[in-house]
$ cat final_21.csv   # CSV, C-alpha atoms
chain,number,residue,atom,x,y,z
Q,1,MET,CA,-43.3,11.0,-7.2
Q,2,SER,CA,-42.8,12.8,-10.5
Q,3,LEU,CA,-44.6,11.3,-13.5
Q,4,PHE,CA,-41.2,11.6,-15.3
Q,5,LEU,CA,-39.6,9.2,-12.8
Q,6,TYR,CA,-42.5,6.8,-12.4
Q,7,PRO,CA,-41.7,4.7,-15.5
Q,8,VAL,CA,-38.1,4.3,-14.3
Q,9,VAL,CA,-39.2,3.2,-10.8
Q,10,GLU,CA,-41.7,0.7,-12.2
Q,11,ALA,CA,-39.1,-0.6,-14.7
Q,12,TYR,CA,-36.8,-1.3,-11.8
Q,13,ARG,CA,-39.5,-3.1,-9.8
Q,14,TYR,CA,-40.2,-5.3,-12.7
Q,15,ALA,CA,-36.6,-6.0,-13.7
Q,16,LEU,CA,-35.5,-6.8,-10.2
Q,17,GLN,CA,-38.0,-9.7,-9.8
Q,18,PRO,CA,-36.4,-13.1,-9.8
Q,19,VAL,CA,-37.2,-14.9,-13.1
Q,20,ALA,CA,-37.5,-18.5,-14.3
Q,21,PRO,CA,-35.7,-20.8,-14.9
Q,22,PHE,CA,-33.5,-19.6,-12.1
Q,23,THR,CA,-36.3,-19.6,-9.5
Q,24,TRP,CA,-36.8,-23.3,-10.2
Q,25,PHE,CA,-33.5,-23.9,-8.5
Q,26,GLY,CA,-33.9,-21.4,-5.7
Q,27,LEU,CA,-31.7,-18.8,-7.4
Q,28,SER,CA,-32.7,-15.1,-7.1
Q,29,LEU,CA,-31.3,-13.9,-10.4
Q,30,SER,CA,-33.5,-11.2,-11.9
Q,31,THR,CA,-34.1,-9.9,-15.4
Q,32,LEU,CA,-31.8,-7.0,-14.7
Q,33,ASP,CA,-29.0,-9.5,-13.7
Q,34,VAL,CA,-29.5,-11.5,-16.9
Q,35,VAL,CA,-29.6,-8.4,-19.2
Q,36,ALA,CA,-26.6,-6.8,-17.5
Q,37,THR,CA,-24.5,-10.0,-17.8
Q,38,VAL,CA,-25.3,-10.4,-21.5
Q,39,ARG,CA,-24.6,-6.8,-22.2
Q,40,LEU,CA,-21.2,-6.9,-20.5
Q,41,CYS,CA,-20.1,-10.1,-22.1
Q,42,VAL,CA,-21.1,-8.9,-25.6
Q,43,ALA,CA,-19.4,-5.5,-25.0
Q,44,LEU,CA,-16.2,-7.3,-23.9
Q,45,ARG,CA,-16.2,-9.4,-27.0
Q,46,GLN,CA,-16.7,-6.3,-29.1
Q,47,ILE,CA,-13.7,-4.7,-27.4
Q,48,ARG,CA,-11.5,-7.8,-28.1
Q,49,GLU,CA,-12.6,-7.9,-31.7
Q,50,LYS,CA,-11.9,-4.2,-32.2
Q,51,LEU,CA,-8.4,-4.5,-30.7
Q,52,TRP,CA,-7.7,-7.6,-32.8
Q,53,ARG,CA,-8.7,-5.7,-36.0
Q,54,ASP,CA,-6.6,-2.6,-34.9
Q,55,HIS,CA,-3.6,-4.9,-34.2
Q,56,LEU,CA,-3.7,-6.5,-37.6
Q,57,LEU,CA,-4.1,-3.1,-39.3
Q,58,LYS,CA,-1.2,-1.8,-37.4
Q,59,ALA,CA,0.9,-4.8,-38.4
Q,60,LYS,CA,0.1,-4.3,-42.1
Q,61,THR,CA,0.8,-0.6,-41.9
Q,62,VAL,CA,4.2,-1.1,-40.3
Q,63,GLN,CA,5.2,-3.9,-42.6
Q,64,SER,CA,4.3,-1.9,-45.7
Q,65,GLU,CA,6.2,1.2,-44.6
Q,66,LYS,CA,9.3,-0.3,-42.9
Q,67,GLY,CA,9.4,-3.8,-44.1
Q,68,ILE,CA,9.9,-5.1,-40.5
Q,69,VAL,CA,7.1,-5.8,-38.1
Q,70,ALA,CA,8.2,-5.4,-34.5
Q,71,LEU,CA,4.8,-6.1,-33.0
Q,72,PRO,CA,3.7,-8.8,-30.6
Q,73,GLU,CA,2.5,-12.0,-32.3
Q,74,VAL,CA,-1.2,-12.7,-32.2
Q,75,GLU,CA,-1.9,-15.4,-29.6
Q,76,GLN,CA,-4.6,-18.0,-29.9
Q,77,ARG,CA,-7.5,-17.1,-27.6
Q,78,SER,CA,-8.5,-19.4,-24.8
Q,79,PHE,CA,-11.8,-19.6,-23.0
Q,80,VAL,CA,-10.1,-19.4,-19.6
Q,81,ARG,CA,-8.4,-16.1,-20.5
Q,82,ASP,CA,-11.7,-14.6,-21.8
Q,83,ALA,CA,-13.7,-15.9,-18.8
Q,84,ALA,CA,-11.0,-14.6,-16.4
Q,85,SER,CA,-11.2,-11.2,-18.0
Q,86,VAL,CA,-15.0,-11.0,-17.5
Q,87,LEU,CA,-14.7,-12.1,-13.8
Q,88,LEU,CA,-11.8,-9.6,-13.3
Q,89,VAL,CA,-14.0,-6.8,-14.7
Q,90,VAL,CA,-16.9,-7.7,-12.4
Q,91,TYR,CA,-15.0,-8.6,-9.2
Q,92,GLY,CA,-11.7,-6.7,-9.6
Q,93,GLY,CA,-13.1,-3.8,-7.6
Q,94,GLU,CA,-14.4,-5.9,-4.8
Q,95,ALA,CA,-11.0,-7.7,-4.6
Q,96,VAL,CA,-9.4,-4.3,-3.8
Q,97,THR,CA,-12.0,-2.6,-1.6
Q,98,CYS,CA,-13.3,-5.6,0.5
Q,99,PRO,CA,-10.0,-6.4,2.1
Q,100,ALA,CA,-9.6,-2.7,2.9
Q,101,LEU,CA,-13.0,-2.7,4.5
Q,102,ALA,CA,-12.4,-6.0,6.3
Q,103,ILE,CA,-15.4,-7.6,4.7
Q,104,PRO,CA,-15.6,-10.8,2.5
Q,105,PRO,CA,-16.2,-10.1,-1.2
Q,106,SER,CA,-19.4,-11.5,-2.7
Q,107,PHE,CA,-17.6,-14.1,-4.8
Q,108,MET,CA,-16.3,-15.7,-1.6
Q,109,LEU,CA,-19.8,-16.1,-0.2
Q,110,SER,CA,-21.6,-17.6,-3.3
Q,111,GLY,CA,-20.5,-19.0,-6.6
Q,112,VAL,CA,-23.8,-18.5,-8.3
Q,113,VAL,CA,-23.1,-15.2,-10.0
Q,114,PRO,CA,-19.5,-16.0,-11.0
Q,115,ALA,CA,-20.7,-19.3,-12.6
Q,116,PHE,CA,-23.5,-17.4,-14.3
Q,117,TYR,CA,-21.1,-14.9,-15.8
Q,118,THR,CA,-18.8,-17.7,-17.0
Q,119,ALA,CA,-21.7,-19.5,-18.6
Q,120,VAL,CA,-23.0,-16.4,-20.4
Q,121,GLN,CA,-19.4,-15.7,-21.6
Q,122,ALA,CA,-19.2,-19.2,-23.1
Q,123,ILE,CA,-22.5,-18.7,-24.9
Q,124,VAL,CA,-21.5,-15.3,-26.2
Q,125,GLU,CA,-18.2,-16.6,-27.5
Q,126,LYS,CA,-20.1,-19.3,-29.4
Q,127,LEU,CA,-22.2,-16.8,-31.3
Q,128,PRO,CA,-21.2,-16.5,-35.0
Q,129,SER,CA,-20.8,-12.8,-34.6
Q,130,VAL,CA,-21.9,-9.8,-32.5
Q,131,PRO,CA,-22.9,-6.3,-33.8
Q,132,THR,CA,-20.1,-3.8,-34.3
Q,133,PRO,CA,-20.6,-0.8,-32.0
Q,134,ALA,CA,-22.3,1.9,-33.9
Q,135,PHE,CA,-24.5,4.9,-33.4
Q,136,GLU,CA,-27.7,2.8,-34.2
Q,137,ASN,CA,-27.1,0.3,-31.4
Q,138,GLU,CA,-25.0,2.2,-28.8
Q,139,VAL,CA,-27.4,5.1,-28.3
Q,140,PRO,CA,-30.4,2.9,-27.4
Q,141,LEU,CA,-28.2,0.7,-25.2
Q,142,ALA,CA,-27.0,3.8,-23.3
Q,143,THR,CA,-30.3,3.8,-21.4
Q,144,LEU,CA,-29.8,0.2,-20.4
Q,145,ASP,CA,-26.3,1.0,-19.3
Q,146,GLY,CA,-27.7,3.8,-17.1
Q,147,LEU,CA,-30.2,1.5,-15.4
Q,148,THR,CA,-27.6,-1.2,-14.7
Q,149,ARG,CA,-24.9,1.2,-13.6
Q,150,ALA,CA,-27.3,3.1,-11.3
Q,151,TYR,CA,-28.2,-0.2,-9.6
Q,152,LEU,CA,-24.5,-0.9,-9.0
Q,153,LEU,CA,-23.8,2.5,-7.6
Q,154,CYS,CA,-27.0,2.9,-5.6
Q,155,ASN,CA,-27.8,-0.5,-4.3
Q,156,LEU,CA,-24.8,-2.8,-4.4
Q,157,ILE,CA,-21.8,-0.6,-3.5
Q,158,PRO,CA,-23.1,1.8,-0.7
Q,159,PRO,CA,-24.1,-1.0,1.7
Q,160,MET,CA,-20.5,-2.1,1.7
Q,161,VAL,CA,-19.9,1.1,3.7
Q,162,THR,CA,-23.2,2.1,5.3
Q,163,ALA,CA,-23.9,-1.4,6.7
Q,164,HIS,CA,-20.4,-1.8,8.1
Q,165,SER,CA,-20.1,-2.7,11.7
Q,166,SER,CA,-17.5,0.1,12.4
Q,167,PRO,CA,-18.9,3.6,13.0
Q,168,ALA,CA,-15.6,5.0,11.7
Q,169,ILE,CA,-16.4,3.5,8.4
Q,170,ASN,CA,-20.2,3.5,8.0
Q,171,ASN,CA,-20.5,7.2,8.8
Q,172,ASN,CA,-17.5,8.3,6.7
Q,173,PRO,CA,-18.4,10.0,3.4
Q,174,TRP,CA,-14.9,9.7,2.1
Q,175,THR,CA,-14.9,6.0,2.6
Q,176,LEU,CA,-18.2,5.8,0.6
Q,177,LEU,CA,-16.8,7.8,-2.3
Q,178,ILE,CA,-13.5,6.0,-2.6
Q,179,THR,CA,-15.2,2.7,-2.3
Q,180,ALA,CA,-17.5,3.6,-5.2
Q,181,LEU,CA,-14.5,4.8,-7.3
Q,182,PHE,CA,-12.4,1.7,-6.8
Q,183,THR,CA,-15.2,-0.9,-6.8
Q,184,ALA,CA,-16.7,0.3,-10.1
Q,185,ASN,CA,-13.4,0.9,-11.9
Q,186,ALA,CA,-10.7,-1.3,-10.6
Q,187,GLY,CA,-11.8,-4.3,-12.8
Q,188,PHE,CA,-11.2,-2.5,-16.0
Q,189,PHE,CA,-8.1,-1.0,-14.7
Q,190,PHE,CA,-6.5,-4.4,-14.1
Q,191,THR,CA,-7.7,-5.8,-17.4
Q,192,ASN,CA,-6.1,-2.8,-19.2
Q,193,LEU,CA,-3.0,-3.0,-17.1
Q,194,PHE,CA,-2.4,-6.7,-18.1
Q,195,SER,CA,-3.7,-6.4,-21.7
Q,196,PHE,CA,-6.4,-9.0,-21.2
Q,197,PHE,CA,-8.3,-7.8,-24.2
Q,198,GLN,CA,-5.4,-7.5,-26.6
Q,199,PRO,CA,-4.9,-10.3,-29.1
Q,200,TYR,CA,-1.3,-11.0,-28.0
Q,201,ALA,CA,0.2,-12.5,-24.8
Q,202,LEU,CA,-0.5,-10.8,-21.4
Q,203,THR,CA,1.8,-7.8,-21.1
Q,204,LEU,CA,2.1,-5.0,-18.7
Q,205,THR,CA,1.0,-1.7,-20.3
Q,206,THR,CA,-0.2,1.7,-19.2
Q,207,PRO,CA,-3.9,1.6,-18.3
Q,208,THR,CA,-6.2,4.0,-20.1
Q,209,GLU,CA,-6.9,5.8,-16.8
Q,210,PHE,CA,-3.2,6.8,-16.6
Q,211,LEU,CA,-2.9,8.1,-20.1
Q,212,PRO,CA,-3.3,11.8,-20.8
Q,213,TYR,CA,-6.8,12.9,-20.0
Q,214,GLY,CA,-7.7,9.4,-18.9
Q,215,TRP,CA,-9.3,10.9,-15.8
Q,216,THR,CA,-12.0,12.4,-18.1
Q,217,THR,CA,-13.4,8.9,-18.8
Q,218,THR,CA,-17.1,9.0,-18.0
Q,219,ASP,CA,-17.1,5.6,-16.2
Q,220,LEU,CA,-14.3,6.8,-14.0
Q,221,TRP,CA,-15.7,9.9,-12.4
Q,222,CYS,CA,-19.4,9.1,-12.6
Q,223,ALA,CA,-19.0,6.4,-10.0
Q,224,PRO,CA,-18.3,8.6,-7.0
Q,225,LEU,CA,-20.5,11.3,-8.4
Q,226,ILE,CA,-23.6,9.1,-8.6
Q,227,THR,CA,-23.0,7.4,-5.3
Q,228,ALA,CA,-22.7,10.8,-3.7
Q,229,LEU,CA,-25.9,12.0,-5.3
Q,230,TYR,CA,-27.8,8.9,-4.1
Q,231,ALA,CA,-26.4,9.3,-0.6
Q,232,PHE,CA,-27.2,13.1,-0.7
Q,233,LEU,CA,-30.8,12.4,-1.6
Q,234,THR,CA,-31.4,9.4,0.7
Q,235,HIS,CA,-29.3,10.7,3.7
Q,236,ALA,CA,-27.3,7.5,3.6
Q,237,GLN,CA,-24.9,9.0,6.2
Q,238,PRO,CA,-25.3,12.0,8.6
Q,239,PHE,CA,-22.9,14.1,6.5
Q,240,TRP,CA,-25.2,13.8,3.4
Q,241,ALA,CA,-28.3,14.7,5.5
Q,242,ASP,CA,-26.6,17.8,6.7
Q,243,ALA,CA,-25.4,18.6,3.2
Q,244,HIS,CA,-28.9,18.2,1.9
Q,245,HIS,CA,-30.3,20.6,4.5
Q,246,VAL,CA,-27.6,23.2,3.8
Q,247,ALA,CA,-28.1,23.0,0.1
Q,248,LEU,CA,-31.8,23.5,0.4
Q,249,GLY,CA,-31.1,26.3,2.8
Q,250,TRP,CA,-29.1,28.1,0.2
Q,251,LEU,CA,-32.0,27.8,-2.2
Q,252,GLY,CA,-34.4,29.0,0.4
Q,253,GLN,CA,-36.4,25.8,0.5
Q,254,THR,CA,-36.0,24.7,4.2
Q,255,ASN,CA,-38.8,27.0,5.5
Q,256,GLY,CA,-37.1,27.1,8.9
Q,257,VAL,CA,-37.3,23.3,9.6
Q,258,GLU,CA,-34.4,21.7,11.4
Q,259,LYS,CA,-34.3,18.6,9.3
Q,260,VAL,CA,-35.1,17.9,5.6
Q,261,ALA,CA,-36.9,14.7,4.7
Q,262,ALA,CA,-34.9,12.2,2.7
Q,263,VAL,CA,-36.0,11.2,-0.8
Q,264,ASP,CA,-37.4,7.8,-1.3
Q,265,PRO,CA,-34.6,5.3,-2.3
Q,266,GLU,CA,-36.5,4.2,-5.4
Q,267,THR,CA,-37.0,7.7,-6.6
Q,268,ALA,CA,-33.4,8.7,-5.8
Q,269,ARG,CA,-32.2,5.7,-7.8
Q,270,ALA,CA,-34.4,6.7,-10.7
Q,271,VAL,CA,-32.9,10.1,-10.7
Q,272,CYS,CA,-29.4,8.6,-10.8
Q,273,ALA,CA,-30.4,6.3,-13.6
Q,274,LEU,CA,-31.7,9.1,-15.8
Q,275,ILE,CA,-28.5,11.2,-15.2
Q,276,LEU,CA,-26.3,8.2,-16.1
Q,277,ALA,CA,-28.5,7.4,-19.2
Q,278,GLY,CA,-27.9,11.0,-20.3
Q,279,LEU,CA,-24.2,10.8,-19.7
Q,280,PHE,CA,-23.9,7.5,-21.6
Q,281,THR,CA,-26.1,8.8,-24.4
Q,282,SER,CA,-23.9,11.8,-24.8
Q,283,ARG,CA,-20.8,9.6,-24.9
Q,284,ALA,CA,-22.3,7.4,-27.5
Q,285,VAL,CA,-23.3,10.4,-29.7
Q,286,ARG,CA,-19.8,11.8,-29.3
Q,287,ASN,CA,-18.0,8.5,-30.1
Q,288,PHE,CA,-20.4,7.2,-32.9
Q,289,GLY,CA,-22.4,10.2,-34.1
Q,290,PRO,CA,-22.1,12.0,-37.4
Q,291,SER,CA,-19.4,14.4,-36.1
Q,292,ALA,CA,-17.2,11.5,-35.0
Q,293,THR,CA,-17.6,9.8,-38.4
Q,294,LYS,CA,-16.6,13.0,-40.2
Q,295,LEU,CA,-13.6,13.5,-38.0
Q,296,LYS,CA,-12.3,9.9,-38.7
Q,297,THR,CA,-12.8,10.4,-42.4
Q,298,LYS,CA,-10.9,13.7,-42.4
Q,299,VAL,CA,-8.0,12.1,-40.5
Q,300,GLN,CA,-7.8,9.2,-42.9

$ encode --input "final_21.csv" --output "structure tokens"
Amino acid sequence: MSLFLYPVVEAYRYALQPVAPFTWFGLSLSTLDVVATVRLCVALRQIREKLWRDHLLKAKTVQSEKGIVALPEVEQRSFVRDAASVLLVVYGGEAVTCPALAIPPSFMLSGVVPAFYTAVQAIVEKLPSVPTPAFENEVPLATLDGLTRAYLLCNLIPPMVTAHSSPAINNNPWTLLITALFTANAGFFFTNLFSFFQPYALTLTTPTEFLPYGWTTTDLWCAPLITALYAFLTHAQPFWADAHHVALGWLGQTNGVEKVAAVDPETARAVCALILAGLFTSRAVRNFGPSATKLKTKVQ
């Protein structure tokens, strides 16, 4: 194992250990579960507050220029709506892919994690304030996002396909990729479609993914890419084992052997986590860095 990957592997081993007080009640929630849940709930509150500020600013601008405001009225927020939006983000993808794969979604087998997300959402909403997304906090959090997203795309989603009882599914690379794409992204797709994060009443609108260049969103295309890379390295399916052998053959690294050894799953996950951390860091710099600030100032 590379010394560069060793800290990531050890970080996962530590973060995936069940922690108290959950272990007192026989629950296997880990540090990574807790941190990922808090991060998501805080991020969703940041999104809602930003959209609320943008809506008020737009209303003032239209009123000052035209004298008439033809915008939806701000609706009083409810805990049920906000909790539903969190659960939809988390489980919306499963709700789409699990019926297609003829397997029960995780929220139908246990209510522990949904209840935990709901409880954390309630706590986050009671906080006096949350930090506004900025370069200083989003860049360091990009590494955390890379770790949590890699765990989703390498450990949680692939077994939905590779452990399936049907050979037509568990050996199908296309099924693996499309499952990763939909499971990781359908939740945000539905919340955007129904305007869950907007300050006004639920309304059908065009999701971000369907807007011009929406397909370039990092979260959208990195899901099948990272799952494919993990499957490629670990030989999760026969197709990926053959692809790994062919790729190394092109590079002249096979040395005449018929089969190439698979990479250890922990090492492969660490590679995926570092790639995602790099992608998310690049996005944070692009969205909140000095160049983005200068561009906004010039437009204003």

$ residues_around --input "final_21.csv" --residues "Arg39 in chain Q" --least-positions-apart "2" --cutoff "12 Å" --atoms "all atoms listed in the file" --output "ChimeraX atom specification"
/Q:32-37,41-46,86,117,120-121,124,130-131,137-138,141-142,144-145,148-149

$ residues_around --input "final_21.csv" --residues "Gln76 in chain Q" --least-positions-apart "2" --cutoff "9 Å" --atoms "only C-alpha atoms" --output "JSON list (two decimals) with C-alpha atoms, keeping the file's coordinate frame"
[["chain", "number", "residue", "atom", "x", "y", "z"],
["Q", 74, "VAL", "CA", -1.20, -12.70, -32.20],
["Q", 78, "SER", "CA", -8.50, -19.40, -24.80],
["Q", 199, "PRO", "CA", -4.90, -10.30, -29.10],
["Q", 200, "TYR", "CA", -1.30, -11.00, -28.00],
["Q", 201, "ALA", "CA", 0.20, -12.50, -24.80]]

$ closest_residue --input "final_21.csv" --among "Q:Leu202, Q:Ala150, Q:Val139, Q:Leu220" --to "Phe188 in chain Q" --atoms "only C-alpha atoms"
Q:Leu220

$ closest_residue --input "final_21.csv" --among "Q:Phe182, Q:Phe197, Q:Phe189, Q:Trp221" --to "Glu209 in chain Q" --atoms "only C-alpha atoms"
Q:Phe189

$ atom_distance --input "final_21.csv" --atom1 "CA of Asn185 in chain Q" --atom2 "CA of Thr203 in chain Q"
19.8 Å

$ atom_distance --input "final_21.csv" --atom1 "CA of Ala134 in chain Q" --atom2 "CA of Leu225 in chain Q"
27.2 Å

$ closest_residue --input "final_21.csv" --among "Q:Ile169, Q:Ala231, Q:Ala186, Q:Ile226" --to "Gly93 in chain Q" --atoms "only C-alpha atoms"
Q:Ala186

$ residues_around --input "final_21.csv" --residues "Met160 in chain Q" --least-positions-apart "3" --cutoff "9 Å" --atoms "only C-alpha atoms" --output "list in words"
Cys98, Leu101, Ile103, Leu156, Ile157, Ala163, His164, Asn170, Leu176 and Thr179 of chain Q

$ residues_around --input "final_21.csv" --residues "range 18-23 of chain Q" --least-positions-apart "3" --cutoff "12 Å" --atoms "only C-alpha atoms" --output "mmCIF file with C-alpha atoms, in the coordinates of the input"
data_model
loop_
_atom_site.group_PDB
_atom_site.id
_atom_site.type_symbol
_atom_site.label_atom_id
_atom_site.label_comp_id
_atom_site.auth_asym_id
_atom_site.auth_seq_id
_atom_site.Cartn_x
_atom_site.Cartn_y
_atom_site.Cartn_z
ATOM 1 C CA TYR Q 12 -36.800 -1.300 -11.800
ATOM 2 C CA ARG Q 13 -39.500 -3.100 -9.800
ATOM 3 C CA TYR Q 14 -40.200 -5.300 -12.700
ATOM 4 C CA ALA Q 15 -36.600 -6.000 -13.700
ATOM 5 C CA GLY Q 26 -33.900 -21.400 -5.700
ATOM 6 C CA LEU Q 27 -31.700 -18.800 -7.400
ATOM 7 C CA SER Q 28 -32.700 -15.100 -7.100
ATOM 8 C CA LEU Q 29 -31.300 -13.900 -10.400
ATOM 9 C CA SER Q 30 -33.500 -11.200 -11.900
ATOM 10 C CA THR Q 31 -34.100 -9.900 -15.400
ATOM 11 C CA LEU Q 32 -31.800 -7.000 -14.700
ATOM 12 C CA ASP Q 33 -29.000 -9.500 -13.700
ATOM 13 C CA VAL Q 34 -29.500 -11.500 -16.900
ATOM 14 C CA VAL Q 35 -29.600 -8.400 -19.200
ATOM 15 C CA VAL Q 112 -23.800 -18.500 -8.300
ATOM 16 C CA VAL Q 113 -23.100 -15.200 -10.000
ATOM 17 C CA PHE Q 116 -23.500 -17.400 -14.300
#

$ residues_around --input "final_21.csv" --residues "Thr208 in chain Q" --least-positions-apart "2" --cutoff "10 Å" --atoms "all atoms listed in the file" --output "ChimeraX atom specification"
/Q:188-189,192-193,205-206,210-215,217

$ closest_residue --input "final_21.csv" --among "Q:Thr191, Q:Thr227, Q:Glu125, Q:Gly146" --to "Ala84 in chain Q" --atoms "all atoms listed in the file"
Q:Thr191

$ atom_distance --input "final_21.csv" --atom1 "CA of Ser291 in chain Q" --atom2 "CA of Glu136 in chain Q"
14.4 Å

$ closest_residue --input "final_21.csv" --among "Q:Gln198, Q:Gln237, Q:Ser166, Q:Ser106" --to "Ala262 in chain Q" --atoms "only C-alpha atoms"
Q:Gln237
